[in-house]
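J.: What follows is run_35.pdb; its format and atoms are PDB, C-alpha atoms, pLDDT in the B column.
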ATOM      1  CA  MET R   1      -4.216 -19.861   4.562  1.00 70.00           C
ATOM      2  CA  THR R   2      -5.762 -16.413   4.810  1.00 87.00           C
ATOM      3  CA  THR R   3      -6.885 -15.219   1.398  1.00 94.00           C
ATOM      4  CA  ALA R   4      -6.509 -11.850  -0.307  1.00 95.00           C
ATOM      5  CA  GLY R   5     -10.236 -11.257   0.152  1.00 96.00           C
ATOM      6  CA  VAL R   6     -10.027 -11.859   3.877  1.00 97.00           C
ATOM      7  CA  HIS R   7      -7.026  -9.536   4.240  1.00 97.00           C
ATOM      8  CA  TYR R   8      -8.979  -6.878   2.342  1.00 97.00           C
ATOM      9  CA  ARG R   9     -11.984  -7.349   4.652  1.00 97.00           C
ATOM     10  CA  VAL R  10      -9.815  -6.978   7.755  1.00 98.00           C
ATOM     11  CA  ILE R  11      -8.202  -3.787   6.468  1.00 98.00           C
ATOM     12  CA  ARG R  12     -11.529  -2.308   5.350  1.00 98.00           C
ATOM     13  CA  SER R  13     -13.172  -3.133   8.687  1.00 98.00           C
ATOM     14  CA  GLN R  14     -10.344  -1.513  10.635  1.00 98.00           C
ATOM     15  CA  LEU R  15     -10.477   1.634   8.547  1.00 98.00           C
ATOM     16  CA  THR R  16     -14.255   2.055   8.573  1.00 98.00           C
ATOM     17  CA  GLU R  17     -14.203   1.606  12.348  1.00 98.00           C
ATOM     18  CA  LEU R  18     -11.484   4.254  12.567  1.00 98.00           C
ATOM     19  CA  ALA R  19     -13.511   6.609  10.353  1.00 98.00           C
ATOM     20  CA  ALA R  20     -16.590   6.257  12.556  1.00 98.00           C
ATOM     21  CA  GLY R  21     -14.723   7.932  15.397  1.00 97.00           C
ATOM     22  CA  LEU R  22     -13.388  10.911  13.429  1.00 98.00           C
ATOM     23  CA  THR R  23     -14.718  14.433  13.657  1.00 97.00           C
ATOM     24  CA  ALA R  24     -15.353  16.473  10.525  1.00 96.00           C
ATOM     25  CA  GLU R  25     -12.206  18.446  11.311  1.00 97.00           C
ATOM     26  CA  GLN R  26     -10.142  15.273  11.522  1.00 98.00           C
ATOM     27  CA  ALA R  27     -11.634  13.991   8.270  1.00 98.00           C
ATOM     28  CA  GLY R  28     -10.382  17.174   6.617  1.00 98.00           C
ATOM     29  CA  THR R  29      -6.809  16.676   7.865  1.00 98.00           C
ATOM     30  CA  ALA R  30      -4.185  16.741   5.129  1.00 98.00           C
ATOM     31  CA  VAL R  31      -2.403  13.436   4.478  1.00 97.00           C
ATOM     32  CA  PRO R  32       1.380  14.040   4.261  1.00 96.00           C
ATOM     33  CA  ALA R  33       1.940  10.891   2.171  1.00 96.00           C
ATOM     34  CA  LEU R  34      -0.657  12.020  -0.390  1.00 95.00           C
ATOM     35  CA  PRO R  35      -0.098  15.706  -1.217  1.00 94.00           C
ATOM     36  CA  GLY R  36      -3.353  17.466  -1.990  1.00 95.00           C
ATOM     37  CA  TRP R  37      -5.561  14.847  -0.353  1.00 97.00           C
ATOM     38  CA  SER R  38      -7.333  14.900   2.976  1.00 98.00           C
ATOM     39  CA  ILE R  39      -8.236  11.864   5.045  1.00 98.00           C
ATOM     40  CA  GLN R  40     -11.747  11.983   3.587  1.00 98.00           C
ATOM     41  CA  ASP R  41     -10.313  12.138   0.049  1.00 98.00           C
ATOM     42  CA  THR R  42      -8.291   9.023   0.798  1.00 98.00           C
ATOM     43  CA  TYR R  43     -11.401   7.166   1.904  1.00 98.00           C
ATOM     44  CA  ALA R  44     -13.140   8.355  -1.271  1.00 98.00           C
ATOM     45  CA  HIS R  45     -10.369   6.776  -3.334  1.00 97.00           C
ATOM     46  CA  LEU R  46     -10.708   3.490  -1.454  1.00 97.00           C
ATOM     47  CA  ALA R  47     -14.452   3.489  -2.039  1.00 97.00           C
ATOM     48  CA  GLY R  48     -13.817   4.294  -5.689  1.00 96.00           C
ATOM     49  CA  ILE R  49     -11.677   1.213  -6.117  1.00 94.00           C
ATOM     50  CA  SER R  50     -14.362  -0.931  -4.518  1.00 95.00           C
ATOM     51  CA  ASP R  51     -16.862   0.499  -7.000  1.00 92.00           C
ATOM     52  CA  CYS R  52     -14.668  -0.740  -9.850  1.00 90.00           C
ATOM     53  CA  PHE R  53     -15.104  -4.284  -8.538  1.00 88.00           C
ATOM     54  CA  VAL R  54     -18.886  -3.861  -8.627  1.00 90.00           C
ATOM     55  CA  THR R  55     -19.141  -2.166 -12.016  1.00 86.00           C
ATOM     56  CA  GLY R  56     -16.347  -4.129 -13.667  1.00 84.00           C
ATOM     57  CA  SER R  57     -14.712  -0.930 -14.908  1.00 81.00           C
ATOM     58  CA  PRO R  58     -10.973  -1.275 -15.595  1.00 75.00           C
ATOM     59  CA  ALA R  59      -8.536  -0.320 -12.873  1.00 75.00           C
ATOM     60  CA  ARG R  60      -5.780   2.134 -13.753  1.00 83.00           C
ATOM     61  CA  PRO R  61      -3.766   2.454 -10.538  1.00 74.00           C
ATOM     62  CA  ASP R  62      -0.890   4.249 -12.296  1.00 76.00           C
ATOM     63  CA  ASP R  63      -3.196   6.917 -13.771  1.00 82.00           C
ATOM     64  CA  PRO R  64      -3.605  10.024 -11.570  1.00 86.00           C
ATOM     65  CA  ALA R  65      -6.791  10.942 -13.439  1.00 89.00           C
ATOM     66  CA  TRP R  66      -8.381   7.641 -12.417  1.00 89.00           C
ATOM     67  CA  THR R  67      -7.669   8.175  -8.729  1.00 88.00           C
ATOM     68  CA  ALA R  68      -8.677  11.856  -8.919  1.00 90.00           C
ATOM     69  CA  GLU R  69     -12.063  10.823 -10.315  1.00 92.00           C
ATOM     70  CA  HIS R  70     -12.728   8.706  -7.230  1.00 94.00           C
ATOM     71  CA  VAL R  71     -12.339  11.790  -5.081  1.00 93.00           C
ATOM     72  CA  ALA R  72     -14.183  14.208  -7.361  1.00 94.00           C
ATOM     73  CA  THR R  73     -17.302  12.056  -7.722  1.00 95.00           C
ATOM     74  CA  ARG R  74     -17.617  11.775  -3.927  1.00 96.00           C
ATOM     75  CA  ARG R  75     -16.860  15.384  -3.102  1.00 95.00           C
ATOM     76  CA  ASP R  76     -20.369  16.106  -1.826  1.00 95.00           C
ATOM     77  CA  ARG R  77     -20.692  13.000   0.328  1.00 97.00           C
ATOM     78  CA  THR R  78     -19.975  12.698   4.026  1.00 97.00           C
ATOM     79  CA  LEU R  79     -17.265  10.399   5.303  1.00 98.00           C
ATOM     80  CA  ALA R  80     -19.984   8.139   6.735  1.00 98.00           C
ATOM     81  CA  GLU R  81     -21.633   7.880   3.317  1.00 98.00           C
ATOM     82  CA  ILE R  82     -18.312   7.084   1.657  1.00 98.00           C
ATOM     83  CA  CYS R  83     -17.602   4.336   4.172  1.00 98.00           C
ATOM     84  CA  ALA R  84     -21.112   2.939   3.756  1.00 98.00           C
ATOM     85  CA  GLU R  85     -20.482   2.628   0.015  1.00 98.00           C
ATOM     86  CA  TRP R  86     -17.140   0.930   0.609  1.00 98.00           C
ATOM     87  CA  THR R  87     -18.722  -1.512   3.063  1.00 98.00           C
ATOM     88  CA  ALA R  88     -21.578  -2.340   0.687  1.00 97.00           C
ATOM     89  CA  ASN R  89     -19.160  -3.000  -2.174  1.00 96.00           C
ATOM     90  CA  SER R  90     -16.712  -5.082  -0.163  1.00 95.00           C
ATOM     91  CA  PRO R  91     -18.375  -8.535  -0.481  1.00 96.00           C
ATOM     92  CA  THR R  92     -18.099  -8.258  -4.263  1.00 95.00           C
ATOM     93  CA  ALA R  93     -14.532  -7.016  -4.010  1.00 95.00           C
ATOM     94  CA  GLU R  94     -13.588  -9.870  -1.682  1.00 96.00           C
ATOM     95  CA  ALA R  95     -15.105 -12.447  -4.044  1.00 95.00           C
ATOM     96  CA  VAL R  96     -13.135 -11.059  -7.003  1.00 93.00           C
ATOM     97  CA  LEU R  97      -9.925 -10.994  -4.973  1.00 94.00           C
ATOM     98  CA  ASP R  98     -10.409 -14.675  -4.092  1.00 94.00           C
ATOM     99  CA  ASP R  99     -11.205 -15.707  -7.669  1.00 91.00           C
ATOM    100  CA  PRO R 100      -8.072 -17.125  -9.412  1.00 87.00           C
ATOM    101  CA  ALA R 101      -9.102 -15.142 -12.487  1.00 82.00           C
ATOM    102  CA  GLY R 102      -8.850 -11.946 -10.463  1.00 76.00           C
ATOM    103  CA  ARG R 103      -5.264 -12.320  -9.287  1.00 78.00           C
ATOM    104  CA  ARG R 104      -4.219  -9.013 -10.821  1.00 82.00           C
ATOM    105  CA  THR R 105      -6.706  -7.209  -8.582  1.00 89.00           C
ATOM    106  CA  VAL R 106      -4.584  -7.970  -5.511  1.00 92.00           C
ATOM    107  CA  PHE R 107      -3.227  -4.435  -5.835  1.00 91.00           C
ATOM    108  CA  ALA R 108      -6.429  -3.390  -4.023  1.00 95.00           C
ATOM    109  CA  VAL R 109      -5.161  -5.086  -0.856  1.00 97.00           C
ATOM    110  CA  PHE R 110      -1.827  -3.274  -1.144  1.00 95.00           C
ATOM    111  CA  ASP R 111      -3.625  -0.011  -1.818  1.00 95.00           C
ATOM    112  CA  ALA R 112      -5.972  -0.305   1.155  1.00 97.00           C
ATOM    113  CA  PHE R 113      -3.156  -1.378   3.474  1.00 98.00           C
ATOM    114  CA  HIS R 114      -0.857   1.494   2.555  1.00 97.00           C
ATOM    115  CA  HIS R 115      -3.538   4.168   2.425  1.00 98.00           C
ATOM    116  CA  GLY R 116      -4.711   2.974   5.805  1.00 98.00           C
ATOM    117  CA  HIS R 117      -1.287   3.757   7.184  1.00 98.00           C
ATOM    118  CA  ASP R 118      -1.184   7.044   5.266  1.00 98.00           C
ATOM    119  CA  ILE R 119      -4.387   7.949   7.132  1.00 98.00           C
ATOM    120  CA  ARG R 120      -2.937   6.842  10.463  1.00 98.00           C
ATOM    121  CA  GLY R 121       0.172   8.904   9.765  1.00 97.00           C
ATOM    122  CA  ALA R 122      -1.970  11.991   9.250  1.00 97.00           C
ATOM    123  CA  LEU R 123      -3.634  11.324  12.596  1.00 97.00           C
ATOM    124  CA  GLY R 124      -0.363  10.630  14.413  1.00 96.00           C
ATOM    125  CA  ARG R 125      -1.370   7.031  15.149  1.00 95.00           C
ATOM    126  CA  ARG R 126       1.008   4.054  15.133  1.00 94.00           C
ATOM    127  CA  GLU R 127      -0.913   0.786  15.005  1.00 94.00           C
ATOM    128  CA  ALA R 128      -1.690  -2.331  12.950  1.00 92.00           C
ATOM    129  CA  ARG R 129       1.949  -2.716  11.951  1.00 95.00           C
ATOM    130  CA  ASP R 130       2.750  -6.233  13.165  1.00 96.00           C
ATOM    131  CA  THR R 131      -0.155  -8.017  11.491  1.00 97.00           C
ATOM    132  CA  PRO R 132      -0.871 -10.822   9.000  1.00 97.00           C
ATOM    133  CA  GLU R 133      -1.837  -8.090   6.543  1.00 98.00           C
ATOM    134  CA  ALA R 134       1.609  -6.480   6.823  1.00 98.00           C
ATOM    135  CA  ALA R 135       3.240  -9.866   6.174  1.00 97.00           C
ATOM    136  CA  PHE R 136       0.949 -10.544   3.197  1.00 97.00           C
ATOM    137  CA  VAL R 137       1.647  -7.167   1.606  1.00 97.00           C
ATOM    138  CA  ALA R 138       5.411  -7.325   2.217  1.00 97.00           C
ATOM    139  CA  THR R 139       5.633 -10.820   0.734  1.00 96.00           C
ATOM    140  CA  LEU R 140       3.697 -10.177  -2.457  1.00 94.00           C
ATOM    141  CA  MET R 141       5.109  -6.716  -3.101  1.00 95.00           C
ATOM    142  CA  THR R 142       8.652  -8.058  -2.787  1.00 96.00           C
ATOM    143  CA  LYS R 143       7.896 -10.989  -5.082  1.00 93.00           C
ATOM    144  CA  PHE R 144       6.418  -8.649  -7.685  1.00 91.00           C
ATOM    145  CA  LYS R 145       9.460  -6.399  -7.420  1.00 92.00           C
ATOM    146  CA  ARG R 146      11.736  -9.416  -7.832  1.00 91.00           C
ATOM    147  CA  GLY R 147       9.962 -10.402 -11.059  1.00 87.00           C
ATOM    148  CA  GLY R 148      11.372  -7.581 -13.161  1.00 86.00           C
ATOM    149  CA  TRP R 149      14.569  -6.847 -11.260  1.00 91.00           C
ATOM    150  CA  ALA R 150      16.916  -9.232 -13.073  1.00 80.00           C
ATOM    151  CA  GLN R 151      15.358  -8.525 -16.472  1.00 84.00           C
ATOM    152  CA  ALA R 152      16.061  -4.839 -15.958  1.00 89.00           C
ATOM    153  CA  GLY R 153      19.717  -5.624 -15.227  1.00 88.00           C
ATOM    154  CA  HIS R 154      19.685  -4.106 -11.745  1.00 93.00           C
ATOM    155  CA  PRO R 155      22.439  -5.054  -9.281  1.00 92.00           C
ATOM    156  CA  PRO R 156      21.506  -7.980  -7.012  1.00 94.00           C
ATOM    157  CA  VAL R 157      20.158  -7.198  -3.554  1.00 96.00           C
ATOM    158  CA  GLN R 158      18.942  -9.305  -0.623  1.00 97.00           C
ATOM    159  CA  LEU R 159      15.762  -8.288   1.213  1.00 97.00           C
ATOM    160  CA  ALA R 160      14.478  -9.975   4.355  1.00 97.00           C
ATOM    161  CA  CYS R 161      11.702  -9.440   6.897  1.00 97.00           C
ATOM    162  CA  GLU R 162       9.703 -11.591   9.299  1.00 97.00           C
ATOM    163  CA  ALA R 163       7.647 -12.986   6.406  1.00 96.00           C
ATOM    164  CA  GLY R 164      10.618 -14.250   4.369  1.00 96.00           C
ATOM    165  CA  SER R 165      13.820 -13.539   2.501  1.00 96.00           C
ATOM    166  CA  TRP R 166      14.266 -12.815  -1.206  1.00 96.00           C
ATOM    167  CA  ARG R 167      17.118 -12.254  -3.641  1.00 95.00           C
ATOM    168  CA  LEU R 168      16.396  -9.642  -6.270  1.00 95.00           C
ATOM    169  CA  GLY R 169      18.623 -10.189  -9.271  1.00 91.00           C
ATOM    170  CA  PRO R 170      20.777 -13.137 -10.361  1.00 85.00           C
ATOM    171  CA  ALA R 171      21.247 -15.786  -7.677  1.00 81.00           C
ATOM    172  CA  GLU R 172      24.844 -16.490  -8.676  1.00 82.00           C
ATOM    173  CA  ALA R 173      26.015 -12.919  -8.050  1.00 83.00           C
ATOM    174  CA  GLU R 174      26.932 -11.512  -4.651  1.00 91.00           C
ATOM    175  CA  PRO R 175      24.369  -8.897  -3.548  1.00 94.00           C
ATOM    176  CA  VAL R 176      25.650  -5.332  -3.406  1.00 95.00           C
ATOM    177  CA  ALA R 177      23.577  -4.796  -0.261  1.00 97.00           C
ATOM    178  CA  ALA R 178      21.296  -6.664   2.122  1.00 97.00           C
ATOM    179  CA  LEU R 179      18.480  -5.375   4.294  1.00 98.00           C
ATOM    180  CA  THR R 180      16.715  -7.076   7.176  1.00 97.00           C
ATOM    181  CA  THR R 181      13.770  -5.159   8.562  1.00 97.00           C
ATOM    182  CA  SER R 182      10.128  -5.571   9.599  1.00 97.00           C
ATOM    183  CA  ASP R 183       7.322  -6.606   7.277  1.00 98.00           C
ATOM    184  CA  PHE R 184       5.836  -3.162   7.709  1.00 98.00           C
ATOM    185  CA  GLU R 185       9.002  -1.216   6.928  1.00 98.00           C
ATOM    186  CA  LEU R 186       9.885  -3.336   3.897  1.00 98.00           C
ATOM    187  CA  SER R 187       6.432  -2.845   2.425  1.00 97.00           C
ATOM    188  CA  ARG R 188       6.576   0.913   3.060  1.00 98.00           C
ATOM    189  CA  ILE R 189       9.975   1.158   1.381  1.00 97.00           C
ATOM    190  CA  ILE R 190       8.849  -0.744  -1.692  1.00 97.00           C
ATOM    191  CA  VAL R 191       5.613   1.180  -2.153  1.00 97.00           C
ATOM    192  CA  GLY R 192       7.441   4.513  -1.823  1.00 96.00           C
ATOM    193  CA  ARG R 193       6.570   5.809   1.630  1.00 97.00           C
ATOM    194  CA  ARG R 194      10.120   6.339   2.836  1.00 97.00           C
ATOM    195  CA  SER R 195      12.369   9.201   1.761  1.00 97.00           C
ATOM    196  CA  ARG R 196      15.725   8.473   0.200  1.00 96.00           C
ATOM    197  CA  ALA R 197      17.415   9.384   3.478  1.00 96.00           C
ATOM    198  CA  GLN R 198      15.152   6.993   5.368  1.00 97.00           C
ATOM    199  CA  MET R 199      15.809   4.190   2.898  1.00 97.00           C
ATOM    200  CA  LEU R 200      19.564   4.641   3.135  1.00 97.00           C
ATOM    201  CA  ALA R 201      19.335   4.622   6.940  1.00 96.00           C
ATOM    202  CA  ALA R 202      17.172   1.492   7.096  1.00 96.00           C
ATOM    203  CA  GLY R 203      19.968  -0.733   8.428  1.00 92.00           C
ATOM    204  CA  TRP R 204      21.714  -2.165   5.399  1.00 97.00           C
ATOM    205  CA  SER R 205      24.838  -4.236   5.137  1.00 96.00           C
ATOM    206  CA  GLY R 206      26.885  -3.481   2.040  1.00 96.00           C
ATOM    207  CA  ASP R 207      26.253  -0.383  -0.070  1.00 95.00           C
ATOM    208  CA  PRO R 208      22.601   0.354  -0.928  1.00 96.00           C
ATOM    209  CA  GLU R 209      23.486   3.472  -2.927  1.00 94.00           C
ATOM    210  CA  PRO R 210      23.376   1.700  -6.344  1.00 91.00           C
ATOM    211  CA  ILE R 211      19.917   0.224  -5.765  1.00 94.00           C
ATOM    212  CA  VAL R 212      17.995   2.374  -3.294  1.00 95.00           C
ATOM    213  CA  ASP R 213      16.391   4.551  -5.979  1.00 95.00           C
ATOM    214  CA  LEU R 214      15.167   1.418  -7.784  1.00 96.00           C
ATOM    215  CA  LEU R 215      13.107   0.059  -4.888  1.00 96.00           C
ATOM    216  CA  PRO R 216      10.093   2.403  -4.581  1.00 96.00           C
ATOM    217  CA  ALA R 217       7.083   1.822  -6.813  1.00 92.00           C
ATOM    218  CA  PHE R 218       6.047   5.468  -6.322  1.00 90.00           C
ATOM    219  CA  GLY R 219       7.876   8.526  -5.086  1.00 82.00           C
ATOM    220  CA  PRO R 220       9.781   8.475  -2.851  1.00 91.00           C
ATOM    221  CA  PRO R 221       8.662  11.447  -0.749  1.00 93.00           C
ATOM    222  CA  VAL R 222      11.042  14.359  -0.430  1.00 90.00           C
ATOM    223  CA  THR R 223      10.552  14.584   3.335  1.00 92.00           C
ATOM    224  CA  ASP R 224      10.547  11.773   5.903  1.00 94.00           C
ATOM    225  CA  LEU R 225       7.285  10.005   6.722  1.00 94.00           C
ATOM    226  CA  THR R 226       6.793   8.513  10.155  1.00 87.00           C
ATOM    227  CA  GLU R 227       4.052   6.010   9.336  1.00 89.00           C
TER     228      GLU R 227
END
Before anything else, please render the file you have as structure tokens.

T.:
Amino acid sequence: MTTAGVHYRVIRSQLTELAAGLTAEQAGTAVPALPGWSIQDTYAHLAGISDCFVTGSPARPDDPAWTAEHVATRRDRTLAEICAEWTANSPTAEAVLDDPAGRRTVFAVFDAFHHGHDIRGALGRREARDTPEAAFVATLMTKFKRGGWAQAGHPPVQLACEAGSWRLGPAEAEPVAALTTSDFELSRIIVGRRSRAQMLAAGWSGDPEPIVDLLPAFGPPVTDLTE
């Protein structure tokens, strides 16, 4: 079984290789999924998370000030320098991700995966969608979402992709809606990278209207995102 640390290494390697081929102008391209950030800012955030693994400082992924600090402290570095830091920190990050005591740090895999596709979206590139990393992220994100769904009293819903199928909400109740889609699309919906219109048009059976606003962890964006 491929571990969280290995998935993280694959994603990091892909993104640092991508960065090595970017011009300074491309590195400054705005990222539609991350208003106010450029591609280089996004890499700075990813390097900042890896630094937390090395220093042991607490992660606060829901705190905008925490993520903004990653960018601000690397403002004067080149993209190559930022990627060199991320690469140097990655062995420690991978070891923590594979340590049973570090299970809560798996968000770093989700974060790197989704920001990687945010970067690709800014560049107009469609790639690395049908991958083991997409399946890993879709599976765990859906399971985490399922954990609090019933406790919150949300209507039951069925979600399925290549990686598996999950009922969110009480098993004895008929789901109000069911969605079958790709690993990639399910993960992008749950993280909050699809607009409300895109989520409603994702190919549901039943009526997703009662639950669609409950799915995204962040957002969703006001305008459609293509990656």

J.: In Å, with one decimal, what is the gap from CA of Leu140 in chain R to CA of Gly116 in chain R?

T.: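 Interatomic distance, CA of Leu140 in chain R to CA of Gly116 in chain R: 17.7 Å.
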
J.: With a distance cut-off of 10 Å and all atoms listed in the file, select the neighbouring residues of Leu15 in chain R, excluding the residue or stretch itself and same-chain residues fewer than 6 positions from it, and output the selection as a PyMOL selection string.

T.: chain R and resi 9+43+83+112-113+115-117+119-120

J.: Given all atoms listed in the file as the basis, pick out the residue of R:Thr78, R:Ser50, R:Ser13, R:Gln158 nearest to Leu97 in chain R.

T.: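 Among R:Thr78, R:Ser50, R:Ser13, R:Gln158, it is R:Ser50 that comes nearest to Leu97 in chain R.
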
J.: Measure the distance from CA of Trp66 in chain R to CA of Ala93 in chain R in Å and round it to one decimal.

T.: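 So the answer is 18.0 Å.
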
J.: Could you list, as a list in words, every residue within 6 Å of range 124-138 of chain R, counting all atoms listed in the file and ignoring same-chain residues fewer than 5 positions away?

T.: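 Selected residues are His7, Phe110, Ala163, Asp183, Phe184 and Ser187 of chain R.
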
J.: Using only C-alpha atoms, which protein or nucleic acid residues come within 12 Å of Val96 in chain R? Drop anything in the same chain fewer than 5 positions from it, and give the result as a list in words.

T.: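 Contacts, in chain order: Thr3, Ala4, Gly5, Val6, Tyr8, Ser50, Cys52, Phe53, Val54, Thr55, Gly56, Asn89, Ser90, Pro91, Ala101, Gly102, Arg103, Arg104, Thr105, Val106, Phe107, Ala108 and Val109 of chain R.
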
J.: Mind writing the picked residues with C-alpha atoms as a tab-separated table (two decimals), in the frame of the given file?

T.:
chain	number	residue	atom	x	y	z
R	3	THR	CA	-6.88	-15.22	1.40
R	4	ALA	CA	-6.51	-11.85	-0.31
R	5	GLY	CA	-10.24	-11.26	0.15
R	6	VAL	CA	-10.03	-11.86	3.88
R	8	TYR	CA	-8.98	-6.88	2.34
R	50	SER	CA	-14.36	-0.93	-4.52
R	52	CYS	CA	-14.67	-0.74	-9.85
R	53	PHE	CA	-15.10	-4.28	-8.54
R	54	VAL	CA	-18.89	-3.86	-8.63
R	55	THR	CA	-19.14	-2.17	-12.02
R	56	GLY	CA	-16.35	-4.13	-13.67
R	89	ASN	CA	-19.16	-3.00	-2.17
R	90	SER	CA	-16.71	-5.08	-0.16
R	91	PRO	CA	-18.38	-8.54	-0.48
R	101	ALA	CA	-9.10	-15.14	-12.49
R	102	GLY	CA	-8.85	-11.95	-10.46
R	103	ARG	CA	-5.26	-12.32	-9.29
R	104	ARG	CA	-4.22	-9.01	-10.82
R	105	THR	CA	-6.71	-7.21	-8.58
R	106	VAL	CA	-4.58	-7.97	-5.51
R	107	PHE	CA	-3.23	-4.43	-5.84
R	108	ALA	CA	-6.43	-3.39	-4.02
R	109	VAL	CA	-5.16	-5.09	-0.86
